[in-house]
$ cat query_6.cif   # mmCIF, C-alpha atoms and all ligand atoms
data_query
#
loop_
_atom_site.label_atom_id
_atom_site.label_comp_id
_atom_site.auth_asym_id
_atom_site.auth_seq_id
_atom_site.Cartn_x
_atom_site.Cartn_y
_atom_site.Cartn_z
CA MET L 1 36.52 -10.52 -30.85
CA ASP L 2 39.59 -8.27 -30.77
CA ALA L 3 42.48 -9.95 -32.64
CA GLN L 4 45.21 -8.00 -30.83
CA VAL L 5 43.93 -8.87 -27.35
CA LEU L 6 43.47 -12.48 -28.49
CA SER L 7 47.09 -12.71 -29.57
CA LEU L 8 48.28 -11.22 -26.26
CA MET L 9 46.18 -13.77 -24.38
CA PHE L 10 47.69 -16.61 -26.42
CA ASP L 11 51.17 -15.33 -25.48
CA ASP L 12 50.17 -15.20 -21.79
CA LEU L 13 48.81 -18.76 -21.93
CA GLU L 14 51.94 -20.00 -23.58
CA THR L 15 54.33 -18.37 -21.11
CA GLN L 16 52.37 -18.63 -17.82
CA GLY L 17 49.30 -20.88 -18.33
CA TRP L 18 46.83 -18.10 -17.52
CA SER L 19 45.76 -14.69 -18.79
CA ALA L 20 43.54 -11.81 -17.61
CA ARG L 21 42.81 -8.93 -20.00
CA SER L 22 40.04 -6.57 -20.95
CA GLY L 23 38.84 -5.75 -24.46
CA LEU L 24 38.60 -9.24 -25.97
CA PHE L 25 34.80 -9.06 -26.25
CA PRO L 26 32.96 -5.97 -27.57
CA ALA L 27 31.87 -3.60 -24.76
CA PRO L 28 28.19 -3.60 -25.92
CA LEU L 29 28.10 -7.40 -25.61
CA CYS L 30 29.53 -7.25 -22.07
CA SER L 31 26.93 -4.65 -21.04
CA ALA L 32 24.14 -6.72 -22.61
CA LEU L 33 25.36 -9.78 -20.67
CA TYR L 34 25.28 -7.78 -17.44
CA ARG L 35 21.70 -6.63 -18.14
CA GLU L 36 20.71 -10.21 -18.97
CA ALA L 37 22.22 -11.48 -15.71
CA LEU L 38 20.19 -8.87 -13.78
CA GLU L 39 17.01 -9.77 -15.70
CA ARG L 40 17.41 -13.49 -15.15
CA ARG L 41 18.08 -12.93 -11.47
CA GLU L 42 14.99 -10.70 -11.29
CA ALA L 43 13.03 -13.54 -12.94
CA ALA L 44 14.23 -15.94 -10.18
CA ASP L 45 16.28 -17.96 -12.70
CA PHE L 46 19.30 -18.27 -10.38
CA ARG L 47 19.81 -21.23 -8.03
CA ALA L 48 22.26 -21.90 -5.19
CA ALA L 49 25.39 -23.47 -6.69
CA ARG L 50 26.44 -27.02 -5.79
CA ILE L 51 29.76 -28.77 -5.34
CA GLY L 52 31.03 -31.85 -7.20
CA GLN L 53 29.24 -34.27 -9.51
CA GLY L 54 26.89 -37.25 -9.35
CA ALA L 55 26.49 -38.84 -5.93
CA ALA L 56 29.18 -36.55 -4.52
CA ARG L 57 27.06 -33.51 -5.45
CA LEU L 58 26.41 -31.37 -2.42
CA GLU L 59 24.95 -28.03 -1.66
CA VAL L 60 27.57 -26.72 0.74
CA ASN L 61 27.46 -23.06 1.53
CA ALA L 62 30.58 -23.28 3.68
CA MET L 63 32.57 -23.84 0.46
CA ARG L 64 30.78 -21.62 -2.04
CA GLY L 65 28.00 -19.09 -1.68
CA ASP L 66 27.20 -18.07 -5.25
CA GLU L 67 23.93 -18.41 -7.11
CA ILE L 68 24.07 -19.51 -10.74
CA ALA L 69 22.03 -19.66 -13.97
CA TRP L 70 23.30 -21.84 -16.83
CA ILE L 71 23.57 -20.34 -20.31
CA GLU L 72 21.95 -22.51 -22.99
CA ALA L 73 22.57 -22.29 -26.74
CA GLY L 74 18.87 -22.34 -27.67
CA GLN L 75 18.00 -19.06 -25.92
CA GLY L 76 17.18 -17.31 -29.20
CA THR L 77 18.47 -13.77 -29.57
CA SER L 78 19.78 -13.49 -26.01
CA ALA L 79 23.16 -11.96 -25.15
CA GLY L 80 24.03 -15.36 -23.68
CA ALA L 81 23.65 -16.94 -27.14
CA ASP L 82 25.86 -14.21 -28.66
CA PHE L 83 28.46 -14.90 -25.98
CA LEU L 84 28.42 -18.64 -26.77
CA ALA L 85 28.94 -17.82 -30.46
CA GLU L 86 31.97 -15.68 -29.57
CA ILE L 87 33.35 -18.41 -27.34
CA ASP L 88 32.98 -20.92 -30.17
CA ILE L 89 35.34 -18.80 -32.28
CA LEU L 90 37.73 -18.64 -29.32
CA ARG L 91 37.45 -22.42 -28.90
CA SER L 92 38.46 -23.05 -32.53
CA ALA L 93 41.35 -20.58 -32.32
CA LEU L 94 42.68 -22.09 -29.07
CA SER L 95 42.31 -25.62 -30.40
CA ALA L 96 44.24 -24.80 -33.55
CA HIS L 97 46.96 -22.78 -31.81
CA PHE L 98 47.63 -25.15 -28.90
CA PHE L 99 46.62 -28.48 -30.53
CA LEU L 100 44.02 -28.92 -27.78
CA SER L 101 41.09 -30.39 -29.73
CA LEU L 102 38.53 -28.70 -27.51
CA ASN L 103 35.04 -29.81 -28.51
CA ALA L 104 32.60 -28.39 -25.98
CA TYR L 105 31.85 -25.49 -23.63
CA GLU L 106 29.60 -24.99 -20.64
CA ALA L 107 29.00 -21.76 -18.76
CA HIS L 108 26.80 -20.13 -16.16
CA PHE L 109 26.10 -16.67 -14.87
CA ALA L 110 27.11 -16.35 -11.23
CA CYS L 111 26.12 -13.85 -8.57
CA TYR L 112 28.01 -13.49 -5.30
CA GLU L 113 26.06 -11.28 -2.92
CA ALA L 114 27.97 -9.18 -0.38
CA GLY L 115 29.92 -11.47 1.95
CA ARG L 116 29.61 -14.59 -0.25
CA PHE L 117 32.76 -16.32 -1.51
CA TYR L 118 34.16 -19.47 -3.13
CA LEU L 119 37.07 -21.04 -1.23
CA LYS L 120 40.24 -22.21 -2.95
CA HIS L 121 39.51 -25.01 -5.46
CA LEU L 122 40.44 -26.60 -8.78
CA ASP L 123 37.89 -26.60 -11.63
CA ARG L 124 38.78 -30.07 -12.89
CA PHE L 125 36.93 -32.88 -11.13
CA GLN L 126 38.69 -36.06 -10.05
CA ARG L 127 36.11 -38.33 -11.70
CA ASN L 128 35.75 -36.29 -14.87
CA GLN L 129 38.76 -34.74 -16.59
CA ASP L 130 36.84 -32.99 -19.38
CA ARG L 131 37.66 -29.44 -18.33
CA GLU L 132 40.80 -28.11 -20.04
CA LEU L 133 40.52 -24.33 -19.79
CA SER L 134 38.50 -22.23 -17.38
CA THR L 135 37.05 -18.93 -18.54
CA VAL L 136 35.68 -16.09 -16.41
CA LEU L 137 34.10 -12.92 -17.82
CA PHE L 138 33.39 -10.23 -15.25
CA LEU L 139 30.22 -8.16 -15.53
CA ASN L 140 30.50 -5.39 -12.93
CA PRO L 141 30.35 -1.79 -14.20
CA GLU L 142 32.15 0.81 -12.06
CA TRP L 143 33.81 -1.74 -9.84
CA THR L 144 36.88 -0.69 -7.89
CA HIS L 145 39.46 -2.60 -5.88
CA ASP L 146 37.67 -1.49 -2.67
CA ASP L 147 34.50 -3.33 -3.73
CA GLY L 148 36.39 -6.60 -3.08
CA GLY L 149 35.37 -9.81 -4.83
CA ALA L 150 38.82 -10.41 -6.34
CA LEU L 151 39.54 -13.64 -8.19
CA ILE L 152 42.74 -14.99 -6.65
CA LEU L 153 44.98 -17.36 -8.64
CA TYR L 154 47.54 -19.54 -6.86
CA ASP L 155 50.81 -21.01 -8.11
CA PRO L 156 50.29 -24.57 -9.45
CA GLN L 157 53.52 -25.76 -7.76
CA GLU L 158 53.41 -23.70 -4.57
CA ASN L 159 49.72 -23.81 -3.68
CA ASP L 160 49.88 -21.11 -1.02
CA ARG L 161 51.59 -18.54 -3.22
CA ILE L 162 49.24 -15.97 -4.79
CA ILE L 163 50.20 -15.18 -8.39
CA ALA L 164 47.32 -12.88 -9.35
CA GLU L 165 44.54 -10.82 -7.73
CA ILE L 166 42.08 -9.93 -10.44
CA THR L 167 39.51 -7.15 -9.91
CA PRO L 168 36.17 -8.28 -11.41
CA THR L 169 35.53 -5.22 -13.61
CA LEU L 170 33.08 -5.34 -16.55
CA GLY L 171 34.82 -6.76 -19.63
CA THR L 172 37.84 -8.32 -17.95
CA PHE L 173 38.24 -11.87 -19.25
CA VAL L 174 40.31 -14.60 -17.57
CA LEU L 175 41.59 -17.87 -19.02
CA PHE L 176 43.55 -20.52 -17.12
CA ARG L 177 44.34 -24.22 -17.28
CA SER L 178 41.58 -25.92 -15.26
CA GLY L 179 43.71 -28.74 -13.87
CA ASP L 180 46.65 -26.56 -12.80
CA PHE L 181 45.53 -23.39 -11.05
CA PRO L 182 43.89 -23.38 -7.63
CA HIS L 183 41.80 -20.21 -7.28
CA GLU L 184 39.26 -18.56 -5.02
CA VAL L 185 36.65 -15.82 -5.09
CA ARG L 186 37.00 -13.33 -2.23
CA ALA L 187 33.86 -11.90 -0.67
CA PRO L 188 32.65 -8.70 -2.39
CA GLN L 189 31.12 -5.65 -0.64
CA ARG L 190 28.11 -5.69 -3.01
CA SER L 191 26.57 -8.06 -5.56
CA ARG L 192 29.23 -9.34 -7.96
CA TYR L 193 28.32 -10.82 -11.36
CA SER L 194 30.40 -13.03 -13.66
CA ILE L 195 30.16 -15.77 -16.26
CA ALA L 196 32.21 -18.82 -15.29
CA GLY L 197 32.77 -21.37 -18.06
CA TRP L 198 34.86 -24.34 -19.13
CA LEU L 199 36.29 -25.31 -22.49
CA LYS L 200 36.26 -29.10 -22.59
CA ARG L 201 37.55 -32.12 -24.38
CA THR L 202 34.89 -34.70 -23.60
CA GLU L 203 35.52 -38.37 -22.88
CA ALA L 204 33.67 -39.51 -26.03
CA TRP L 205 35.63 -37.04 -28.14
CA ARG L 206 38.97 -38.18 -26.68
CA ALA L 207 38.03 -41.83 -27.35
CA ALA L 208 37.08 -40.99 -30.94
CA ILE L 209 40.38 -39.19 -31.54
CA ASP L 210 42.38 -42.03 -29.96
CA GLY L 211 40.48 -44.48 -32.20
CA LEU L 212 41.33 -42.47 -35.31
CA MET L 213 44.97 -42.24 -34.27
CA SER L 214 45.35 -46.00 -33.72
CA ASP L 215 43.52 -46.75 -37.00
CA ALA L 216 45.98 -44.48 -38.77
CA SER L 217 49.15 -45.99 -37.28
CA PRO L 218 50.94 -48.62 -39.40
C1 LIG C 1 33.90 -21.12 -10.48
C2 LIG C 1 34.76 -19.94 -10.27
C3 LIG C 1 35.05 -17.56 -10.53
C4 LIG C 1 34.25 -16.32 -10.69
O1 LIG C 1 32.67 -20.95 -10.68
O2 LIG C 1 34.43 -22.26 -10.48
O3 LIG C 1 35.90 -20.12 -9.88
O4 LIG C 1 34.86 -15.25 -10.59
N1 LIG C 1 34.26 -18.72 -10.55
O5 LIG C 1 33.04 -16.39 -10.94
MN MN C 2 36.51 -22.19 -10.24
#

$ encode --input "query_6.cif" --output "structure tokens" --more "lines below"
Ligand code: OGA
Ligand code: MN
Amino acid sequence: MDAQVLSLMFDDLETQGWSARSGLFPAPLCSALYREALERREAADFRAARIGQGAARLEVNAMRGDEIAWIEAGQGTSAGADFLAEIDILRSALSAHFFLSLNAYEAHFACYEAGRFYLKHLDRFQRNQDRELSTVLFLNPEWTHDDGGALILYDPQENDRIIAEITPTLGTFVLFRSGDFPHEVRAPQRSRYSIAGWLKRTEAWRAAIDGLMSDASP
């Protein structure tokens, strides 16, 4: 992980609550992740994405049209496992710097075929507040603005005001506060690959920390 880019991203998070920069992860890792996404898609490992959690879980293509494949830690020598290892370093650094006590991460590859999109949404669920920071790593070599598929971030206060239009080029990495920033994925002109993930502070972890804190108070 590039220390200079990391420090710029920390500054961005501190001043604006989001950051989008390239060069945080090594280029060979990003290319390997792209190849792995293509291979897993070829192997029919991707499934239509769903909305919500538990009983509210729905497969609604009117809202989102991507196909996803979750990245699991136990996938041996895969690029996905290398990515999770990198993210774990990022998680520790963010936790220490922002006093966030992040304890978990989940992520999936996503593919939006031409014309597919994800309408404006928040990544934090109403019933489950675990998600603190959203991460998106883009995996599209030779992608230009004309290929579409931008990730649009909206102002947390003024929900109709666009604050960023991010082109999903290979290696660009985005971080934003999951509960604050509405965002959407615009339809691309050709297949668009990314890894969407969430740094979390789980319920059990929060309860444990609260327990420790109250034990420690006089
Ligand atoms: C999501 C999401 C953005 C992207 O999956 O919640 O907003 O560019 N993804 O893949
Ligand atoms: Mn999202």

$ residues_near_ligand --input "query_6.cif" --ligand "ligand MN 2 (chain C)" --cutoff "7 Å" --atoms "only C-alpha atoms and all ligand atoms" --output "PyMOL selection string"
chain L and resi 121-123+183-184

$ closest_atom_pairs --input "query_6.cif" --of "region 116-214 of chain L" --to "region 29-50 of chain L" --cutoff "10 Å" --atoms "only C-alpha atoms" --output "Markdown table"
| residue | atom | partner | partner_atom | distance |
| --- | --- | --- | --- | --- |
| L:Leu137 | CA | L:Cys30 | CA | 8.4 |
| L:Phe138 | CA | L:Cys30 | CA | 8.4 |
| L:Leu139 | CA | L:Tyr34 | CA | 5.3 |
| L:Asn140 | CA | L:Tyr34 | CA | 7.3 |
| L:Pro141 | CA | L:Ser31 | CA | 8.2 |
| L:Leu170 | CA | L:Cys30 | CA | 6.8 |
| L:Gly171 | CA | L:Cys30 | CA | 5.8 |
| L:Thr172 | CA | L:Cys30 | CA | 9.3 |
| L:Tyr193 | CA | L:Tyr34 | CA | 7.4 |
| L:Ser194 | CA | L:Tyr34 | CA | 8.3 |
| L:Ile195 | CA | L:Leu33 | CA | 8.9 |

$ write_last_selection --input "query_6.cif" --atoms "C-alpha atoms" --output "compact mmCIF listing (two decimals), in the frame of the given file"
# COMPACT_ATOMS: atom_id res chain seq x y z
CA LEU L 137 34.10 -12.92 -17.82
CA PHE L 138 33.39 -10.23 -15.25
CA LEU L 139 30.22 -8.16 -15.53
CA ASN L 140 30.50 -5.39 -12.93
CA PRO L 141 30.35 -1.79 -14.20
CA LEU L 170 33.08 -5.34 -16.55
CA GLY L 171 34.82 -6.76 -19.63
CA THR L 172 37.84 -8.32 -17.95
CA TYR L 193 28.32 -10.82 -11.36
CA SER L 194 30.40 -13.03 -13.66
CA ILE L 195 30.16 -15.77 -16.26

$ residues_near_ligand --input "query_6.cif" --ligand "ligand LIG 1 (chain C)" --cutoff "6 Å" --atoms "only C-alpha atoms and all ligand atoms" --output "list in words"
Ala110, Asp123, Val136, Leu151, Val185, Ser194 and Ala196 of chain L

$ atom_distance --input "query_6.cif" --atom1 "CA of Arg201 (chain L)" --atom2 "CA of Ala81 (chain L)"
20.8 Å

$ residues_near_point --input "query_6.cif" --point "(35.2, -39.1, -22.7)" --cutoff "12 Å" --atoms "all atoms listed in the file" --output "list in words"
Leu102, Asn103, Ala104, Arg127, Asn128, Gln129, Asp130, Arg131, Lys200, Arg201, Thr202, Glu203, Ala204, Trp205, Arg206, Ala207, Ala208, Ile209 and Asp210 of chain L

$ write_last_selection --input "query_6.cif" --atoms "C-alpha atoms" --output "CSV table (one decimal), in the frame of the given file"
chain,number,residue,atom,x,y,z
L,102,LEU,CA,38.5,-28.7,-27.5
L,103,ASN,CA,35.0,-29.8,-28.5
L,104,ALA,CA,32.6,-28.4,-26.0
L,127,ARG,CA,36.1,-38.3,-11.7
L,128,ASN,CA,35.8,-36.3,-14.9
L,129,GLN,CA,38.8,-34.7,-16.6
L,130,ASP,CA,36.8,-33.0,-19.4
L,131,ARG,CA,37.7,-29.4,-18.3
L,200,LYS,CA,36.3,-29.1,-22.6
L,201,ARG,CA,37.6,-32.1,-24.4
L,202,THR,CA,34.9,-34.7,-23.6
L,203,GLU,CA,35.5,-38.4,-22.9
L,204,ALA,CA,33.7,-39.5,-26.0
L,205,TRP,CA,35.6,-37.0,-28.1
L,206,ARG,CA,39.0,-38.2,-26.7
L,207,ALA,CA,38.0,-41.8,-27.4
L,208,ALA,CA,37.1,-41.0,-30.9
L,209,ILE,CA,40.4,-39.2,-31.5
L,210,ASP,CA,42.4,-42.0,-30.0

$ closest_residue --input "query_6.cif" --among "L:Arg177, L:Tyr154, L:Ala20, L:Met1" --to "Asp88 (chain L)" --atoms "all atoms listed in the file"
L:Met1

$ atom_distance --input "query_6.cif" --atom1 "CA of Glu86 (chain L)" --atom2 "CA of Phe25 (chain L)"
7.9 Å

$ decode --input "query_6.cif" --residues "region 134-145 of chain L" --atoms "N, CA and C atoms" --output "short mmCIF file (atom, residue, chain, number, x, y, z; two decimals), in the first residue's frame"
data_model
loop_
_atom_site.label_atom_id
_atom_site.label_comp_id
_atom_site.auth_asym_id
_atom_site.auth_seq_id
_atom_site.Cartn_x
_atom_site.Cartn_y
_atom_site.Cartn_z
N SER L 134 -17.58 2.81 3.35
CA SER L 134 -17.72 2.06 2.11
C SER L 134 -16.43 2.18 1.32
N THR L 135 -16.05 1.10 0.65
CA THR L 135 -14.87 1.12 -0.22
C THR L 135 -15.30 0.67 -1.61
N VAL L 136 -14.75 1.28 -2.64
CA VAL L 136 -14.95 0.78 -4.00
C VAL L 136 -13.62 0.83 -4.73
N LEU L 137 -13.19 -0.32 -5.26
CA LEU L 137 -12.00 -0.36 -6.11
C LEU L 137 -12.46 -0.66 -7.53
N PHE L 138 -12.08 0.20 -8.46
CA PHE L 138 -12.49 -0.01 -9.86
C PHE L 138 -11.48 -0.86 -10.61
N LEU L 139 -11.99 -1.66 -11.54
CA LEU L 139 -11.15 -2.69 -12.19
C LEU L 139 -11.20 -2.61 -13.71
N ASN L 140 -11.40 -1.44 -14.28
CA ASN L 140 -11.60 -1.37 -15.73
C ASN L 140 -10.42 -0.72 -16.46
N PRO L 141 -9.59 -1.57 -17.12
CA PRO L 141 -8.45 -1.02 -17.87
C PRO L 141 -8.96 -0.21 -19.06
N GLU L 142 -8.25 0.82 -19.41
CA GLU L 142 -8.57 1.64 -20.60
C GLU L 142 -10.02 2.10 -20.61
N TRP L 143 -10.44 2.62 -19.51
CA TRP L 143 -11.82 3.13 -19.40
C TRP L 143 -11.78 4.64 -19.51
N THR L 144 -12.62 5.20 -20.36
CA THR L 144 -12.67 6.66 -20.47
C THR L 144 -14.03 7.17 -20.00
N HIS L 145 -14.10 8.47 -19.83
CA HIS L 145 -15.33 9.13 -19.40
C HIS L 145 -16.51 8.74 -20.30
#
